[in-house]
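Presented below is the structure to which this report refers.
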Amino acid sequence: QKPSLLLLPHFVYTKEYYERSIQQQNAPESRFFDFLIPSDRYTYIPPAWVDETKGSKALLRGKAKTAPFPSIWYCHANNNMLPSKWLEDTFGPSGSIRPKHPSKLRYANCSNHIPNDFKGEFDITKKRPNPRARKRAAKKRKGMV
């Protein structure tokens with residue numbers, strides 16, 4: 001097996017096709033991929049065919065780059081090539097809040113350890129803000145605050 005590093009949107013691990021592909025590999029989800037999560041959202045340059053009218057709100061606002069979704073590095077290799085101990089020694093323990101590595105990547109050995117701000121919208125382990133915070137956010141969205 002060859003190792004792979006995939007830079008994918010944060011929500012991919014919540015999709016049915018992701019679970020289906022993991023099951024085909026006969027591997028438990030928690031150990032098939034390790035995740036490296038950047039502290040800051042990556043920005044991207046939209047493709048040349050995207051213009052202001054076809055979908056990039058960043059271009060409409062005059063920006064050259066966009067960050068449509070948080071991105072996560074999905075890392076796969078057998079344990080001999082990429083041992084979990086090395087990942088923890090390099091990036092810190094799985095699920096840690098503060099990054100240990102100068103690259104500011106955080107390590108998660110399963111999707112449950114992905115930081116809450118990078119979890120997919122349909123992740124059942126994602127914590128909702130408390131009711132007071134949700135009410136404040138709703139007012140802010142309506143422009144009342």
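A note on labels: chains of the structure tokens are A, B, ... as shown, every chain counts residues from 1, and ligands are counted from 1 in their shown order.
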Skipping near chain neighbours, those fewer than 4 positions away, what residues fall within 12 Å of stretch 118-130 of chain A using only C-alpha atoms, listed as number ranges by chain?
A: 8-16, 35-42, 69-73, 95, 97, 106, 108, 110-114, 134-138
File of the preceding selection, N, CA, C and O atoms, as a CSV table (one decimal), in the first residue's frame:
chain,number,residue,atom,x,y,z
A,8,LEU,N,-8.8,17.7,1.6
A,8,LEU,CA,-10.2,17.6,1.2
A,8,LEU,C,-11.1,18.5,2.1
A,8,LEU,O,-10.6,18.9,3.2
A,9,PRO,N,-12.3,18.9,1.7
A,9,PRO,CA,-13.2,19.7,2.6
A,9,PRO,C,-13.4,19.0,3.9
A,9,PRO,O,-13.4,17.7,3.9
A,10,HIS,N,-13.7,19.7,4.9
A,10,HIS,CA,-13.9,19.2,6.2
A,10,HIS,C,-15.0,18.3,6.4
A,10,HIS,O,-15.0,17.4,7.2
A,11,PHE,N,-16.0,18.4,5.5
A,11,PHE,CA,-17.3,17.6,5.7
A,11,PHE,C,-17.2,16.2,5.0
A,11,PHE,O,-18.1,15.4,5.2
A,12,VAL,N,-16.1,15.9,4.3
A,12,VAL,CA,-16.1,14.6,3.5
A,12,VAL,C,-16.3,13.4,4.5
A,12,VAL,O,-17.0,12.5,4.1
A,13,TYR,N,-15.7,13.4,5.7
A,13,TYR,CA,-15.8,12.3,6.5
A,13,TYR,C,-17.2,12.0,7.0
A,13,TYR,O,-17.5,10.9,7.6
A,14,THR,N,-18.1,12.9,6.8
A,14,THR,CA,-19.5,12.7,7.3
A,14,THR,C,-20.4,12.2,6.1
A,14,THR,O,-21.5,11.8,6.4
A,15,LYS,N,-19.8,12.0,4.9
A,15,LYS,CA,-20.6,11.6,3.8
A,15,LYS,C,-20.7,10.1,3.7
A,15,LYS,O,-19.8,9.4,4.1
A,16,GLU,N,-21.8,9.6,3.1
A,16,GLU,CA,-22.0,8.2,2.9
A,16,GLU,C,-21.0,7.6,2.0
A,16,GLU,O,-20.5,6.5,2.3
A,35,PHE,N,-6.0,12.5,10.7
A,35,PHE,CA,-6.3,13.8,10.2
A,35,PHE,C,-5.3,14.9,10.7
A,35,PHE,O,-4.9,14.8,11.9
A,36,LEU,N,-4.9,15.7,9.8
A,36,LEU,CA,-4.1,16.9,10.2
A,36,LEU,C,-4.9,18.1,9.9
A,36,LEU,O,-5.3,18.3,8.8
A,37,ILE,N,-5.2,18.9,10.9
A,37,ILE,CA,-6.1,20.0,10.8
A,37,ILE,C,-5.4,21.3,11.0
A,37,ILE,O,-4.7,21.6,12.0
A,38,PRO,N,-5.4,22.2,10.0
A,38,PRO,CA,-4.7,23.5,10.1
A,38,PRO,C,-5.4,24.4,11.1
A,38,PRO,O,-6.6,24.3,11.3
A,39,SER,N,-4.7,25.2,11.7
A,39,SER,CA,-5.2,26.2,12.7
A,39,SER,C,-6.1,27.2,12.0
A,39,SER,O,-7.1,27.7,12.5
A,40,ASP,N,-5.6,27.7,10.8
A,40,ASP,CA,-6.4,28.7,10.1
A,40,ASP,C,-6.9,28.1,8.8
A,40,ASP,O,-6.4,27.1,8.3
A,41,ARG,N,-8.0,28.6,8.3
A,41,ARG,CA,-8.6,28.2,7.1
A,41,ARG,C,-7.7,28.5,5.9
A,41,ARG,O,-7.2,29.6,5.8
A,42,TYR,N,-7.6,27.5,5.1
A,42,TYR,CA,-6.8,27.7,3.8
A,42,TYR,C,-7.6,28.5,2.9
A,42,TYR,O,-8.8,28.4,2.8
A,69,PHE,N,-14.7,26.6,2.3
A,69,PHE,CA,-14.9,25.6,3.4
A,69,PHE,C,-13.6,25.4,4.1
A,69,PHE,O,-12.5,25.6,3.5
A,70,PRO,N,-13.6,25.0,5.3
A,70,PRO,CA,-12.4,24.5,6.0
A,70,PRO,C,-11.8,23.3,5.3
A,70,PRO,O,-12.6,22.4,4.9
A,71,SER,N,-10.5,23.1,5.3
A,71,SER,CA,-9.9,22.0,4.7
A,71,SER,C,-9.2,21.2,5.7
A,71,SER,O,-8.6,21.7,6.7
A,72,ILE,N,-9.1,19.9,5.5
A,72,ILE,CA,-8.4,18.9,6.4
A,72,ILE,C,-7.5,18.0,5.6
A,72,ILE,O,-7.9,17.6,4.5
A,73,TRP,N,-6.3,17.7,6.1
A,73,TRP,CA,-5.5,16.7,5.5
A,73,TRP,C,-5.9,15.4,6.0
A,73,TRP,O,-5.9,15.1,7.1
A,95,GLY,N,-6.5,15.2,19.2
A,95,GLY,CA,-7.6,16.0,19.7
A,95,GLY,C,-7.1,17.2,20.5
A,95,GLY,O,-7.9,17.9,21.1
A,97,ILE,N,-6.0,21.0,21.5
A,97,ILE,CA,-6.5,22.3,21.0
A,97,ILE,C,-5.4,23.1,20.4
A,97,ILE,O,-5.5,23.7,19.4
A,106,ARG,N,-2.9,20.5,13.7
A,106,ARG,CA,-3.3,19.7,14.8
A,106,ARG,C,-3.6,18.3,14.4
A,106,ARG,O,-4.1,18.1,13.2
A,108,ALA,N,-5.5,14.5,14.7
A,108,ALA,CA,-6.6,13.8,15.2
A,108,ALA,C,-6.5,12.4,14.6
A,108,ALA,O,-6.4,12.2,13.4
A,110,CYS,N,-8.9,10.1,14.9
A,110,CYS,CA,-10.2,9.7,14.5
A,110,CYS,C,-11.1,10.9,14.3
A,110,CYS,O,-10.8,12.0,14.8
A,111,SER,N,-12.2,10.8,13.6
A,111,SER,CA,-13.1,11.9,13.4
A,111,SER,C,-13.6,12.5,14.7
A,111,SER,O,-14.0,13.7,14.7
A,112,ASN,N,-13.8,11.7,15.7
A,112,ASN,CA,-14.3,12.3,17.0
A,112,ASN,C,-13.3,13.3,17.6
A,112,ASN,O,-13.7,14.1,18.4
A,113,HIS,N,-12.0,13.3,17.3
A,113,HIS,CA,-11.0,14.2,17.8
A,113,HIS,C,-10.8,15.4,17.0
A,113,HIS,O,-10.0,16.2,17.4
A,114,ILE,N,-11.5,15.6,15.9
A,114,ILE,CA,-11.4,16.8,15.1
A,114,ILE,C,-12.0,17.9,15.9
A,114,ILE,O,-13.0,17.8,16.5
A,134,ARG,N,-26.9,30.8,20.7
A,134,ARG,CA,-27.7,30.6,19.4
A,134,ARG,C,-28.7,31.8,19.2
A,134,ARG,O,-28.8,32.3,18.1
A,135,LYS,N,-29.3,32.3,20.3
A,135,LYS,CA,-30.2,33.4,20.2
A,135,LYS,C,-29.5,34.7,19.7
A,135,LYS,O,-29.9,35.5,18.9
A,136,ARG,N,-28.3,34.9,20.3
A,136,ARG,CA,-27.4,36.1,19.9
A,136,ARG,C,-27.0,36.0,18.5
A,136,ARG,O,-27.1,37.0,17.7
A,137,ALA,N,-26.6,34.8,18.0
A,137,ALA,CA,-26.2,34.6,16.6
A,137,ALA,C,-27.4,34.9,15.7
A,137,ALA,O,-27.2,35.4,14.6
A,138,ALA,N,-28.6,34.4,16.1
A,138,ALA,CA,-29.8,34.7,15.2
A,138,ALA,C,-30.1,36.1,15.1
A,138,ALA,O,-30.4,36.6,14.0
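On the backbone of this structure, DSSP gives strand (DSSP E) within chain A to Ser4, Leu5, Leu6, Leu7, Leu8, Pro9, Asp34, Phe35, Leu36, Ile37, Pro38, Ser71, Ile72, Trp73, Tyr74, Cys75, His76, Leu105, Arg106, Tyr107 and Ala108 of chain A.
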Distance atom CA of A:Ile45-atom CA of A:Cys75, one decimal place?
23.6 Å
Tell me, in Å to one decimal, how far atom CA of A:Ser94 is from atom CA of A:Ala133.
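Computing it gives 27.8 Å between the two atoms.
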Just the residues within 6 Å of A:Tyr74, please, counting only C-alpha atoms, with nothing from its chain fewer than 5 positions along; format it as a PyMOL selection string.
chain A and resi 5-6+33+35
Which distance in Å separates atom CA of A:Tyr18 and atom CA of A:Asp117, to one decimal?
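Atom-to-atom, atom CA of A:Tyr18 to atom CA of A:Asp117, that is 20.4 Å.
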Write down as number ranges by chain the residues of chain A whose backbone DSSP state falls under alpha helix (DSSP H).
A: 16-24, 29-32, 57-60, 84-91, 131-142
Go ahead and write the residues just picked, C-alpha atoms, as a JSON list (two decimals), in the first residue's frame.
[["chain", "number", "residue", "atom", "x", "y", "z"],
["A", 16, "GLU", "CA", -22.03, 8.22, 2.90],
["A", 17, "TYR", "CA", -19.49, 7.66, 0.07],
["A", 18, "TYR", "CA", -16.64, 8.13, 2.56],
["A", 19, "GLU", "CA", -18.05, 5.48, 4.91],
["A", 20, "ARG", "CA", -18.67, 3.15, 1.97],
["A", 21, "SER", "CA", -15.07, 3.45, 0.75],
["A", 22, "ILE", "CA", -13.71, 2.84, 4.27],
["A", 23, "GLN", "CA", -15.83, -0.28, 4.64],
["A", 24, "GLN", "CA", -14.50, -1.60, 1.31],
["A", 29, "GLU", "CA", -12.93, 4.28, 10.38],
["A", 30, "SER", "CA", -10.94, 5.38, 13.39],
["A", 31, "ARG", "CA", -7.67, 3.95, 12.07],
["A", 32, "PHE", "CA", -7.95, 4.15, 8.28],
["A", 57, "LYS", "CA", -18.77, 35.83, -3.78],
["A", 58, "ALA", "CA", -15.13, 36.64, -2.99],
["A", 59, "LEU", "CA", -14.57, 37.78, -6.58],
["A", 60, "LEU", "CA", -17.76, 39.81, -6.41],
["A", 84, "SER", "CA", 0.83, 6.96, 15.38],
["A", 85, "LYS", "CA", 3.56, 7.57, 17.94],
["A", 86, "TRP", "CA", 5.51, 9.69, 15.44],
["A", 87, "LEU", "CA", 2.37, 11.71, 14.63],
["A", 88, "GLU", "CA", 1.70, 12.32, 18.33],
["A", 89, "ASP", "CA", 5.36, 13.20, 19.01],
["A", 90, "THR", "CA", 5.41, 15.60, 16.06],
["A", 91, "PHE", "CA", 1.96, 17.22, 16.20],
["A", 131, "PRO", "CA", -29.26, 28.49, 23.70],
["A", 132, "ARG", "CA", -28.19, 32.01, 24.68],
["A", 133, "ALA", "CA", -25.35, 31.98, 22.12],
["A", 134, "ARG", "CA", -27.71, 30.64, 19.43],
["A", 135, "LYS", "CA", -30.20, 33.44, 20.16],
["A", 136, "ARG", "CA", -27.42, 36.06, 19.94],
["A", 137, "ALA", "CA", -26.22, 34.60, 16.62],
["A", 138, "ALA", "CA", -29.78, 34.66, 15.22],
["A", 139, "LYS", "CA", -30.19, 38.32, 16.15],
["A", 140, "LYS", "CA", -26.84, 39.12, 14.56],
["A", 141, "ARG", "CA", -27.86, 37.37, 11.34],
["A", 142, "LYS", "CA", -31.09, 39.36, 11.21]]
Would you mind listing what lies within 9 Å of A:Pro68 as a CSV table (one decimal) with N, CA and C atoms, in the first residue's frame, with only C-alpha atoms counted and same-chain residues fewer than 2 positions away left out?
chain,number,residue,atom,x,y,z
A,43,THR,N,-6.9,29.4,2.1
A,43,THR,CA,-7.6,30.2,1.1
A,43,THR,C,-7.2,29.6,-0.3
A,44,TYR,N,-8.0,29.8,-1.3
A,44,TYR,CA,-7.8,29.2,-2.6
A,44,TYR,C,-8.1,30.3,-3.7
A,56,SER,N,-18.5,32.9,-7.3
A,56,SER,CA,-17.6,33.3,-6.3
A,56,SER,C,-17.9,34.6,-5.7
A,66,THR,N,-10.4,32.9,-2.1
A,66,THR,CA,-11.6,32.6,-1.4
A,66,THR,C,-11.4,31.4,-0.4
A,70,PRO,N,-13.6,25.0,5.3
A,70,PRO,CA,-12.4,24.5,6.0
A,70,PRO,C,-11.8,23.3,5.3
